[in-house]
>>> print(open('target09.txt').read())   # compact mmCIF, C-alpha atoms
# COMPACT_ATOMS: atom_id res chain seq x y z
CA MET A 20 0.00 0.00 0.00
CA THR A 21 1.37 3.44 -0.98
CA SER A 22 2.31 5.46 2.10
CA PHE A 23 0.94 8.91 2.87
CA PRO A 24 4.40 10.64 2.77
CA PHE A 25 5.14 9.12 -0.66
CA ILE A 26 1.85 10.41 -2.15
CA ILE A 27 2.52 13.94 -0.89
CA ALA A 28 6.15 13.80 -2.08
CA LYS A 29 5.08 12.70 -5.56
CA ARG A 30 2.60 15.56 -5.71
CA TYR A 31 5.28 18.04 -4.66
CA LEU A 32 7.71 16.68 -7.26
CA PHE A 33 5.44 17.12 -10.27
CA SER A 34 3.32 20.08 -9.15
CA LYS A 35 4.18 23.71 -9.87
CA LYS A 36 5.77 25.53 -6.95
CA SER A 37 4.94 29.07 -5.88
CA THR A 38 8.51 30.09 -6.67
CA ASN A 39 9.57 29.14 -10.19
CA ALA A 40 13.24 28.90 -9.13
CA ILE A 41 12.43 25.76 -7.12
CA ASN A 42 11.17 24.04 -10.28
CA VAL A 43 14.32 25.07 -12.13
CA ILE A 44 16.63 23.85 -9.35
CA SER A 45 14.73 20.54 -9.15
CA ILE A 46 15.22 20.02 -12.87
CA ILE A 47 18.89 20.96 -12.56
CA SER A 48 19.21 18.41 -9.74
CA MET A 49 17.78 15.65 -11.92
CA VAL A 50 19.99 16.67 -14.84
CA GLY A 51 23.07 16.68 -12.62
CA VAL A 52 22.37 13.17 -11.35
CA ALA A 53 21.51 12.00 -14.87
CA VAL A 54 24.73 13.38 -16.38
CA ALA A 55 26.89 11.85 -13.63
CA THR A 56 25.10 8.51 -14.07
CA MET A 57 25.48 8.65 -17.85
CA ALA A 58 29.20 9.40 -17.46
CA LEU A 59 29.63 6.38 -15.16
CA ILE A 60 27.88 4.07 -17.65
CA ILE A 61 29.87 5.35 -20.64
CA VAL A 62 33.30 5.37 -18.98
CA MET A 63 32.92 1.92 -17.44
CA SER A 64 31.67 0.55 -20.78
CA VAL A 65 34.69 2.01 -22.58
CA PHE A 66 37.00 0.36 -20.05
CA ASN A 67 35.14 -2.91 -20.67
CA GLY A 68 35.62 -2.40 -24.40
CA PHE A 69 39.38 -2.02 -24.03
CA HIS A 70 39.45 -5.02 -21.67
CA ASP A 71 37.66 -7.21 -24.21
CA LEU A 72 39.83 -5.88 -27.04
CA VAL A 73 43.07 -6.72 -25.22
CA ALA A 74 41.68 -10.13 -24.25
CA SER A 75 40.94 -10.86 -27.92
CA PHE A 76 44.60 -10.20 -28.78
CA PHE A 77 45.88 -12.65 -26.19
CA THR A 78 43.29 -15.25 -27.23
CA ALA A 79 45.04 -15.68 -30.57
CA PHE A 80 48.33 -16.63 -28.91
CA ASP A 81 47.68 -17.87 -25.40
CA PRO A 82 46.18 -21.32 -24.77
CA GLN A 83 42.84 -21.82 -23.08
CA ILE A 84 44.58 -23.45 -20.10
CA LYS A 85 48.29 -23.51 -19.30
CA VAL A 86 50.00 -25.86 -16.84
CA MET A 87 53.27 -24.55 -15.41
CA PRO A 88 55.60 -25.64 -12.59
CA VAL A 89 55.36 -23.78 -9.28
CA GLU A 90 59.10 -24.04 -8.74
CA GLY A 91 61.75 -23.89 -11.44
CA LYS A 92 61.35 -23.43 -15.17
CA THR A 93 60.75 -26.96 -16.39
CA MET A 94 58.92 -30.18 -15.59
CA SER A 95 59.24 -33.77 -16.71
CA VAL A 96 57.14 -34.87 -19.66
CA GLU A 97 56.56 -38.25 -18.02
CA ASP A 98 55.21 -36.89 -14.73
CA PRO A 99 52.11 -39.00 -13.81
CA VAL A 100 50.24 -35.87 -12.73
CA LEU A 101 50.63 -34.36 -16.20
CA THR A 102 49.50 -37.66 -17.71
CA GLN A 103 46.33 -37.55 -15.59
CA ILE A 104 45.65 -33.98 -16.72
CA ARG A 105 46.16 -34.94 -20.36
CA MET A 106 43.71 -37.84 -20.02
CA MET A 107 40.86 -35.81 -18.55
CA PRO A 108 37.75 -36.26 -20.76
CA GLU A 109 37.25 -32.50 -21.13
CA VAL A 110 40.71 -32.04 -22.72
CA GLU A 111 40.50 -31.98 -26.51
CA MET A 112 44.07 -31.08 -27.47
CA VAL A 113 47.48 -30.84 -25.75
CA SER A 114 50.65 -29.10 -26.89
CA GLU A 115 54.00 -29.34 -25.13
CA THR A 116 56.05 -26.16 -24.96
CA VAL A 117 59.70 -25.36 -24.29
CA GLU A 118 60.25 -21.67 -23.69
CA ASP A 119 63.27 -19.69 -22.49
CA GLN A 120 65.31 -16.61 -23.18
CA ALA A 121 68.13 -16.42 -25.70
CA MET A 122 70.02 -13.89 -27.78
CA ALA A 123 69.10 -13.49 -31.43
CA TYR A 124 71.59 -12.15 -33.97
CA TYR A 125 70.70 -11.11 -37.52
CA GLN A 126 73.23 -9.44 -39.80
CA ASP A 127 74.69 -6.68 -37.60
CA ARG A 128 71.82 -6.46 -35.08
CA GLN A 129 71.08 -8.38 -31.93
CA ALA A 130 68.34 -8.58 -29.28
CA MET A 131 67.28 -10.62 -26.28
CA VAL A 132 64.31 -12.76 -27.23
CA THR A 133 62.04 -15.48 -25.89
CA VAL A 134 62.22 -18.63 -27.99
CA LYS A 135 58.99 -20.60 -27.79
CA GLY A 136 59.20 -24.16 -29.12
CA VAL A 137 55.82 -25.76 -29.75
CA ASP A 138 54.34 -29.02 -31.02
CA ASP A 139 53.07 -29.45 -34.54
CA ASN A 140 49.47 -29.10 -33.33
CA PHE A 141 50.05 -25.61 -31.87
CA SER A 142 48.34 -24.02 -34.88
CA ARG A 143 45.18 -26.02 -34.12
CA LEU A 144 45.33 -25.42 -30.38
CA SER A 145 45.75 -21.65 -30.73
CA HIS A 146 44.61 -19.11 -33.33
CA ILE A 147 48.10 -18.14 -34.46
CA THR A 148 47.25 -18.68 -38.13
CA ASP A 149 44.74 -15.83 -37.84
CA ILE A 150 47.48 -13.36 -36.92
CA LEU A 151 50.11 -14.28 -39.52
CA TYR A 152 51.06 -11.79 -42.21
CA GLY A 153 53.22 -12.37 -45.27
CA ASP A 154 53.39 -14.40 -48.47
CA GLY A 155 54.41 -17.64 -46.77
CA GLN A 156 52.58 -20.06 -44.48
CA TYR A 157 52.71 -21.45 -40.96
CA GLN A 158 55.64 -23.86 -40.90
CA LEU A 159 58.08 -24.73 -38.14
CA GLN A 160 60.06 -27.68 -39.43
CA ALA A 161 60.78 -29.48 -42.70
CA ALA A 162 63.37 -32.26 -42.96
CA ASN A 163 66.51 -30.79 -41.40
CA LEU A 164 65.35 -27.16 -41.81
CA GLU A 165 64.17 -25.20 -38.78
CA TYR A 166 61.86 -22.22 -39.28
CA GLY A 167 61.25 -19.31 -36.91
CA ILE A 168 58.19 -17.04 -36.91
CA VAL A 169 59.11 -13.71 -35.33
CA GLY A 170 56.88 -10.97 -33.94
CA ILE A 171 56.38 -8.00 -36.22
CA ARG A 172 58.11 -5.50 -33.94
CA LEU A 173 61.10 -7.79 -33.53
CA ALA A 174 61.25 -8.11 -37.33
CA ALA A 175 61.23 -4.31 -37.60
CA GLN A 176 64.01 -4.08 -35.01
CA PHE A 177 66.13 -6.45 -37.10
CA GLY A 178 65.20 -4.71 -40.35
CA MET A 179 63.49 -7.86 -41.65
CA SER A 180 60.64 -8.26 -44.08
CA ALA A 181 58.13 -11.09 -43.69
CA ARG A 182 60.40 -13.28 -45.84
CA TRP A 183 63.84 -12.37 -44.59
CA PRO A 184 66.90 -13.77 -46.37
CA GLY A 185 69.72 -15.68 -44.70
CA PHE A 186 69.83 -17.12 -41.20
CA LEU A 187 68.73 -15.84 -37.81
CA LYS A 188 71.32 -17.05 -35.31
CA ILE A 189 70.16 -17.96 -31.80
CA TYR A 190 72.58 -18.09 -28.85
CA ALA A 191 71.65 -19.82 -25.58
CA PRO A 192 73.96 -20.39 -22.58
CA LYS A 193 75.09 -23.99 -22.09
CA ARG A 194 73.36 -25.57 -19.12
CA GLN A 195 76.29 -27.77 -18.14
CA GLY A 196 80.06 -27.35 -17.86
CA GLN A 197 82.01 -24.19 -17.28
CA LEU A 198 83.85 -21.63 -19.36
CA VAL A 199 87.59 -22.27 -19.09
CA ASP A 200 88.96 -19.57 -21.39
CA ALA A 201 87.28 -16.17 -21.00
CA THR A 202 88.65 -15.09 -24.37
CA MET A 203 86.59 -17.83 -26.03
CA ALA A 204 83.16 -16.66 -24.82
CA GLU A 205 81.33 -18.32 -27.70
CA GLU A 206 82.24 -21.71 -26.26
CA GLY A 207 79.80 -21.03 -23.44
CA PHE A 208 76.85 -20.88 -25.82
CA VAL A 209 74.80 -23.27 -27.88
CA VAL A 210 74.41 -21.70 -31.32
CA ASP A 211 71.78 -22.62 -33.89
CA SER A 212 70.02 -20.96 -36.79
CA LEU A 213 66.50 -20.40 -38.07
CA ILE A 214 65.20 -19.48 -41.50
CA SER A 215 62.06 -17.62 -42.49
CA PRO A 216 58.78 -19.33 -43.43
CA GLY A 217 57.68 -16.07 -45.09
CA VAL A 218 55.36 -14.84 -42.33
CA VAL A 219 55.46 -12.81 -39.11
CA PHE A 220 52.85 -12.80 -36.33
CA VAL A 221 51.02 -9.73 -35.00
CA VAL A 222 49.46 -10.05 -31.54
CA ASN A 223 49.31 -6.25 -31.12
CA GLN A 224 50.95 -6.65 -27.72
CA SER A 225 54.55 -5.55 -27.22
CA LYS A 226 55.19 -8.48 -24.89
CA TYR A 227 54.91 -10.88 -27.83
CA ASP A 228 55.46 -8.79 -30.95
CA LYS A 229 58.77 -7.36 -29.74
CA GLY A 230 60.34 -10.35 -28.05
CA HIS A 231 58.99 -13.73 -29.17
CA ILE A 232 60.09 -16.24 -31.77
CA VAL A 233 57.90 -19.30 -32.39
CA THR A 234 59.70 -22.40 -33.61
CA SER A 235 59.55 -26.19 -33.28
CA ILE A 236 59.87 -27.86 -29.91
CA ASP A 237 62.71 -30.02 -31.23
CA PHE A 238 64.76 -26.92 -32.03
CA ALA A 239 64.06 -25.42 -28.58
CA ARG A 240 64.94 -28.66 -26.76
CA LYS A 241 68.23 -28.90 -28.59
CA LEU A 242 69.01 -25.22 -28.05
CA PHE A 243 68.27 -25.24 -24.32
CA ASP A 244 69.38 -28.85 -23.70
CA LEU A 245 65.99 -29.86 -22.28
CA ASP A 246 65.52 -33.36 -23.59
CA GLY A 247 62.53 -34.95 -21.82
CA GLN A 248 61.59 -31.63 -20.21
CA ILE A 249 58.96 -29.01 -21.00
CA SER A 250 58.29 -25.49 -19.78
CA SER A 251 54.51 -25.78 -19.91
CA LEU A 252 51.60 -27.87 -21.07
CA GLU A 253 49.06 -25.97 -23.17
CA LEU A 254 45.51 -27.29 -23.36
CA ARG A 255 42.32 -26.74 -25.30
CA LEU A 256 39.07 -28.03 -23.85
CA GLN A 257 36.15 -29.71 -25.56
CA THR A 258 33.48 -27.32 -26.79
CA GLY A 259 30.90 -26.72 -24.06
CA SER A 260 33.19 -27.69 -21.17
CA ASP A 261 32.80 -25.78 -17.92
CA LEU A 262 36.14 -23.95 -17.70
CA GLN A 263 35.90 -23.18 -13.99
CA ALA A 264 34.95 -26.75 -13.07
CA VAL A 265 37.77 -28.18 -15.20
CA LYS A 266 40.28 -25.78 -13.65
CA LYS A 267 39.13 -26.82 -10.18
CA ASN A 268 39.58 -30.51 -10.98
CA MET A 269 42.98 -29.90 -12.53
CA ARG A 270 44.14 -27.94 -9.50
CA GLN A 271 43.11 -30.80 -7.25
CA LEU A 272 45.25 -33.13 -9.36
CA ALA A 273 48.17 -30.68 -9.56
CA GLY A 274 48.22 -29.89 -5.84
CA THR A 275 51.06 -27.54 -4.95
CA LYS A 276 53.32 -28.82 -7.71
CA TYR A 277 51.81 -27.09 -10.74
CA ARG A 278 49.91 -23.91 -11.53
CA ILE A 279 46.76 -24.11 -13.66
CA LEU A 280 46.13 -20.80 -15.45
CA ASP A 281 43.37 -19.68 -17.79
CA ARG A 282 43.90 -16.92 -20.36
CA TYR A 283 43.17 -14.10 -17.92
CA GLU A 284 45.44 -15.56 -15.24
CA GLN A 285 48.26 -15.93 -17.77
CA GLN A 286 48.10 -12.15 -18.27
CA GLU A 287 47.16 -11.34 -14.69
CA ASP A 288 49.31 -8.20 -14.41
CA THR A 289 47.85 -6.63 -17.55
CA PHE A 290 44.23 -7.22 -16.57
CA ARG A 291 44.83 -6.22 -12.94
CA ILE A 292 46.16 -2.84 -14.10
CA MET A 293 43.12 -2.38 -16.30
CA GLN A 294 40.80 -3.20 -13.40
CA ILE A 295 42.62 -0.72 -11.16
CA GLU A 296 42.28 1.99 -13.82
CA LYS A 297 38.57 1.22 -14.12
CA MET A 298 38.13 1.39 -10.35
CA ILE A 299 39.94 4.74 -10.13
CA ALA A 300 37.73 6.17 -12.88
CA TYR A 301 34.66 4.84 -11.04
CA LEU A 302 35.75 6.52 -7.78
CA PHE A 303 36.44 9.86 -9.48
CA LEU A 304 33.06 9.87 -11.20
CA THR A 305 31.35 8.87 -7.96
CA PHE A 306 32.92 11.92 -6.35
CA ILE A 307 31.47 14.05 -9.16
CA LEU A 308 28.11 12.42 -8.42
CA VAL A 309 28.41 13.49 -4.78
CA VAL A 310 28.96 17.07 -5.92
CA ALA A 311 25.92 16.81 -8.19
CA CYS A 312 23.83 15.69 -5.21
CA PHE A 313 24.36 19.09 -3.56
CA ASN A 314 21.85 20.41 -6.10
CA ILE A 315 19.28 18.04 -4.62
CA ILE A 316 20.01 19.41 -1.15
CA GLY A 317 19.54 22.99 -2.42
CA SER A 318 16.28 22.05 -4.13
CA LEU A 319 14.92 20.34 -1.01
CA SER A 320 15.97 23.24 1.23
CA MET A 321 14.00 25.70 -0.88
CA LEU A 322 11.05 23.29 -1.09
CA ILE A 323 10.91 22.94 2.70
CA ILE A 324 10.84 26.74 3.06
CA ASP A 325 8.22 27.03 0.30
CA LYS A 326 5.95 24.41 1.88
CA ARG A 327 6.10 25.58 5.49
CA ASP A 328 2.39 26.53 5.40
CA ASP A 329 1.56 23.08 4.01
CA VAL A 330 3.59 21.51 6.80
CA GLU A 331 1.54 23.38 9.39
CA THR A 332 -1.67 22.20 7.71
CA LEU A 333 -0.48 18.58 7.64
CA ARG A 334 0.35 18.75 11.34
CA CYS A 335 -3.14 20.03 12.08
CA LEU A 336 -4.55 17.10 10.09
CA GLY A 337 -2.64 14.65 12.31
CA ALA A 338 0.67 14.09 10.52
CA ASN A 339 3.51 13.52 12.95
CA ASP A 340 7.06 14.85 12.65
CA HIS A 341 8.41 11.57 11.29
CA GLN A 342 5.85 11.51 8.44
CA ILE A 343 6.57 15.12 7.51
CA SER A 344 10.30 14.44 7.44
CA ARG A 345 9.73 11.41 5.22
CA ILE A 346 7.81 13.53 2.70
CA PHE A 347 10.94 15.51 1.86
CA LEU A 348 13.15 12.44 2.07
CA PHE A 349 10.93 10.75 -0.53
CA GLU A 350 11.14 13.93 -2.63
CA GLY A 351 14.96 13.76 -2.69
CA ARG A 352 14.94 10.02 -3.36
CA MET A 353 12.54 10.38 -6.30
CA ILE A 354 14.75 13.08 -7.82
CA ALA A 355 17.69 10.69 -7.49
CA VAL A 356 15.81 7.71 -8.96
CA VAL A 357 14.45 9.69 -11.92
CA GLY A 358 17.91 11.13 -12.57
CA ALA A 359 19.52 7.68 -12.30
CA VAL A 360 17.02 6.03 -14.68
CA VAL A 361 17.31 8.83 -17.24
CA GLY A 362 21.12 8.78 -16.95
CA ILE A 363 21.28 5.02 -17.46
CA LEU A 364 19.02 5.18 -20.52
CA LEU A 365 21.06 8.02 -22.02
CA GLY A 366 24.31 6.19 -21.23
CA LEU A 367 23.07 3.00 -22.90
CA LEU A 368 21.91 5.03 -25.91
CA VAL A 369 25.32 6.68 -26.29
CA CYS A 370 27.04 3.28 -25.95
CA TRP A 371 24.78 1.82 -28.64
CA LEU A 372 25.49 4.72 -30.97
CA GLN A 373 29.24 4.32 -30.41
CA GLN A 374 29.06 0.57 -31.00
CA THR A 375 26.98 0.99 -34.14
CA PHE A 376 28.42 4.09 -35.77
CA GLY A 377 31.80 4.65 -34.02
CA LEU A 378 31.03 8.33 -33.46
CA ILE A 379 34.12 9.10 -31.35
CA LYS A 380 37.28 8.23 -33.25
CA MET A 381 40.70 7.38 -31.91
CA GLY A 382 43.09 10.01 -33.19
CA ASN A 383 42.07 11.11 -36.67
CA GLY A 384 40.44 7.76 -37.43
CA ASP A 385 42.90 7.22 -40.29
CA GLY A 386 43.92 3.70 -39.32
CA ALA A 387 46.90 4.76 -37.22
CA PHE A 388 45.49 2.75 -34.31
CA ILE A 389 44.42 -0.90 -34.14
CA ILE A 390 40.81 0.23 -34.17
CA ASN A 391 39.38 3.47 -35.53
CA ALA A 392 36.82 4.22 -32.81
CA TYR A 393 36.75 3.79 -29.04
CA PRO A 394 35.54 0.27 -28.19
CA VAL A 395 32.46 -0.06 -26.01
CA SER A 396 31.13 -3.11 -24.20
CA VAL A 397 28.14 -2.80 -21.87
CA HIS A 398 28.22 -5.21 -18.93
CA TYR A 399 24.87 -5.20 -17.21
CA THR A 400 26.48 -5.97 -13.87
CA ASP A 401 28.16 -2.55 -14.22
CA VAL A 402 24.78 -0.97 -14.98
CA LEU A 403 23.42 -2.47 -11.76
CA VAL A 404 26.47 -1.28 -9.80
CA VAL A 405 26.06 2.24 -11.19
CA PHE A 406 22.35 2.33 -10.34
CA VAL A 407 22.95 1.11 -6.79
CA THR A 408 25.83 3.58 -6.38
CA VAL A 409 23.70 6.53 -7.51
CA ILE A 410 20.84 5.57 -5.20
CA ILE A 411 23.07 5.03 -2.16
CA VAL A 412 25.12 8.21 -2.68
CA SER A 413 22.11 10.42 -3.35
CA TRP A 414 20.01 9.01 -0.54
CA LEU A 415 22.81 9.35 1.98
CA SER A 416 23.59 12.89 0.83
CA VAL A 417 20.02 14.10 1.43
CA TRP A 418 19.28 12.17 4.63
CA TYR A 419 20.96 14.42 7.18
CA PRO A 420 20.15 17.82 5.55
CA VAL A 421 16.46 16.94 5.22
CA ARG A 422 16.17 15.70 8.79
CA TYR A 423 18.00 18.78 10.06
CA LEU A 424 15.93 21.27 8.06
CA THR A 425 12.57 19.66 8.79
CA ARG A 426 13.42 19.37 12.49
CA ARG A 427 14.36 23.04 12.55
CA LEU A 428 11.15 24.06 10.73
CA LEU A 429 8.96 21.98 13.01
CA THR A 430 10.67 23.34 16.13
CA ARG A 431 10.02 26.88 15.00
CA GLN A 432 6.37 26.13 14.28
CA LYS A 433 5.90 24.50 17.69
CA SER A 434 7.41 27.47 19.43
>>> encode(input="target09.txt", output="structure tokens")
Amino acid sequence: MTSFPFIIAKRYLFSKKSTNAINVISIISMVGVAVATMALIIVMSVFNGFHDLVASFFTAFDPQIKVMPVEGKTMSVEDPVLTQIRMMPEVEMVSETVEDQAMAYYQDRQAMVTVKGVDDNFSRLSHITDILYGDGQYQLQAANLEYGIVGIRLAAQFGMSARWPGFLKIYAPKRQGQLVDATMAEEGFVVDSLISPGVVFVVNQSKYDKGHIVTSIDFARKLFDLDGQISSLELRLQTGSDLQAVKKNMRQLAGTKYRILDRYEQQEDTFRIMQIEKMIAYLFLTFILVVACFNIIGSLSMLIIDKRDDVETLRCLGANDHQISRIFLFEGRMIAVVGAVVGILLGLLVCWLQQTFGLIKMGNGDGAFIINAYPVSVHYTDVLVVFVTVIIVSWLSVWYPVRYLTRRLLTRQKS
């Protein structure tokens, strides 16, 4: 049943006041809350868009699940725990990986790189073929030839084209023995060479594009002297598998010996930074919302003064002090709710327009960036968070001023 204070508050909200300035300030209050709400929706959706965009880049290179040792860099291929993980019914495909740092030397240039040796089925486990550019094809090994696919920024650093001529020399420190003659430093390294398959990969992430070389696992094992060892086990699950449930079961099998990481956990630092940035933006905009709520306080203050005769009449009709106070509390809350709903609708409309037409470009929109327009992704959990935030902030901001002003008015009338 609708309460008496709510009915009076609704009438006050939509009725014309004796002083036109009160109507104007009430509208300004709603607009202020609506604009702050709209800004929260838009900014959080843009952060979501960048989050999803970055995640799509890593998806092409990172496996769905990665098994890595907790201690050390390598693990035995024949470990029974890894065998159990491989044999899980949800696992569709497995690729062994040997990965470590080395020094690459091409013509007169050199750089520290990460050599990633993968199985032949790596192209089916990942989406690397979708991010290859050049006139060649995905190929890691043929007879006694070893191919290396380099990241595009590493190729640029070496002055390479997609099909670079000659050999790319790879130097890795020997794992065993010691260097006797310091003047013969090359004796402390294993040296091998790669040739070009005519393609480079483009993940659009500096971590990979500037420092990774993908080659065969046989080459990497020979280079790093890791026969019978792997750096990680990369897995793809059957379509429709419950990722979280599979991860939980794998972690029970792995115990404290291995780490089980999904795509987001493999890039935990990157996504944590993005979440922190999103949270900071949320806090700043919430502060702006608090400032906007001062307009509601001003509107209610003038309304209380304007309706002092009505308050006296309501008291004569039997309304108690608590009911009168609630009238103006409901007034402030309705302003906040209307502003929040309008702001959310406007924010969703702007997000839809940006998704559909790309109205706001990145830079000049001339293709200098990966995408031409700011990405937007609406998460309805964020919409709920924004709505709850607006309601809580606005209701708390009007609670004390309304109680104070109504108490003061009623005290004066009683005296």
>>> residues_around(input="target09.txt", residues="A:Asn67", least_positions_apart="5", cutoff="10 Å", atoms="all atoms listed in the file", output="number ranges by chain")
A: 61-62, 72-73, 293-294, 297, 394-398, 401
>>> closest_residue(input="target09.txt", among="A:Gly68, A:Pro24, A:Pro88, A:Gly155", to="A:Ile279", atoms="all atoms listed in the file")
A:Pro88
>>> closest_residue(input="target09.txt", among="A:Ala123, A:Val96, A:Ile411, A:Val110", to="A:Gln176", atoms="only C-alpha atoms")
A:Ala123
>>> closest_residue(input="target09.txt", among="A:Cys312, A:Leu164, A:Val54, A:Val134", to="A:Met122", atoms="only C-alpha atoms")
A:Val134
>>> closest_residue(input="target09.txt", among="A:Arg426, A:Arg345, A:Arg172, A:Arg105", to="A:Leu254", atoms="all atoms listed in the file")
A:Arg105
>>> atom_distance(input="target09.txt", atom1="atom CA of A:Met107", atom2="atom CA of A:Ala239")
27.3 Å
>>> closest_atom_pairs(input="target09.txt", of="stretch 234-270 of chain A", to="stretch 209-220 of chain A", cutoff="10 Å", atoms="all atoms listed in the file", output="tab-separated table")
residue	atom	partner	partner_atom	distance
A:Thr234	CA	A:Leu213	CA	8.4
A:Phe238	CA	A:Asp211	CA	8.4
A:Ala239	CA	A:Asp211	CA	9.8
A:Lys241	CA	A:Val209	CA	8.7
A:Leu242	CA	A:Val209	CA	6.1
A:Phe243	CA	A:Val209	CA	7.7
A:Asp244	CA	A:Val209	CA	8.8
>>> write_last_selection(input="target09.txt", atoms="C-alpha atoms", output="PDB file, keeping the file's coordinate frame")
ATOM      1  CA  THR A 234      59.700 -22.400 -33.610  1.00  0.00           C
ATOM      2  CA  PHE A 238      64.760 -26.920 -32.030  1.00  0.00           C
ATOM      3  CA  ALA A 239      64.060 -25.420 -28.580  1.00  0.00           C
ATOM      4  CA  LYS A 241      68.230 -28.900 -28.590  1.00  0.00           C
ATOM      5  CA  LEU A 242      69.010 -25.220 -28.050  1.00  0.00           C
ATOM      6  CA  PHE A 243      68.270 -25.240 -24.320  1.00  0.00           C
ATOM      7  CA  ASP A 244      69.380 -28.850 -23.700  1.00  0.00           C
TER       8      ASP A 244
END
>>> residues_around(input="target09.txt", residues="A:Ile44", least_positions_apart="2", cutoff="12 Å", atoms="all atoms listed in the file", output="PyMOL selection string")
chain A and resi 32+36+38-42+46-51+311-322+354
>>> atom_distance(input="target09.txt", atom1="atom CA of A:Ile232", atom2="atom CA of A:Tyr157")
12.9 Å
>>> axis_aligned_box(input="target09.txt", around="stretch 415-426 of chain A", padding_each_side="4 Å", output="JSON")
{"center_x": 18.1, "center_y": 15.3, "center_z": 6.7, "size_x": 19.0, "size_y": 19.9, "size_z": 19.7}
>>> residues_around(input="target09.txt", residues="A:Arg255", least_positions_apart="5", cutoff="8 Å", atoms="only C-alpha atoms", output="PyMOL selection string")
chain A and resi 82-84+110-113+144
>>> atom_distance(input="target09.txt", atom1="atom CA of A:Pro420", atom2="atom CA of A:Val330")
17.0 Å
>>> closest_residue(input="target09.txt", among="A:Ser344, A:Ser145, A:Gln160, A:Ser22", to="A:Leu256", atoms="only C-alpha atoms")
A:Ser145
>>> closest_residue(input="target09.txt", among="A:Ser260, A:Thr375, A:Gln224, A:Thr430", to="A:Phe77", atoms="all atoms listed in the file")
A:Gln224
>>> residues_around(input="target09.txt", residues="A:Met57", least_positions_apart="6", cutoff="6 Å", atoms="all atoms listed in the file", output="compact mmCIF listing (two decimals) with C-alpha atoms, in the frame of the given file")
# COMPACT_ATOMS: atom_id res chain seq x y z
CA GLY A 362 21.12 8.78 -16.95
CA ILE A 363 21.28 5.02 -17.46
CA GLY A 366 24.31 6.19 -21.23
>>> residues_around(input="target09.txt", residues="A:Val100", least_positions_apart="2", cutoff="12 Å", atoms="all atoms listed in the file", output="list in words")
Val86, Pro88, Met94, Ser95, Val96, Glu97, Asp98, Thr102, Gln103, Ile104, Arg105, Met106, Met107, Leu252, Met269, Arg270, Gln271, Leu272, Ala273, Gly274, Thr275, Lys276 and Tyr277 of chain A
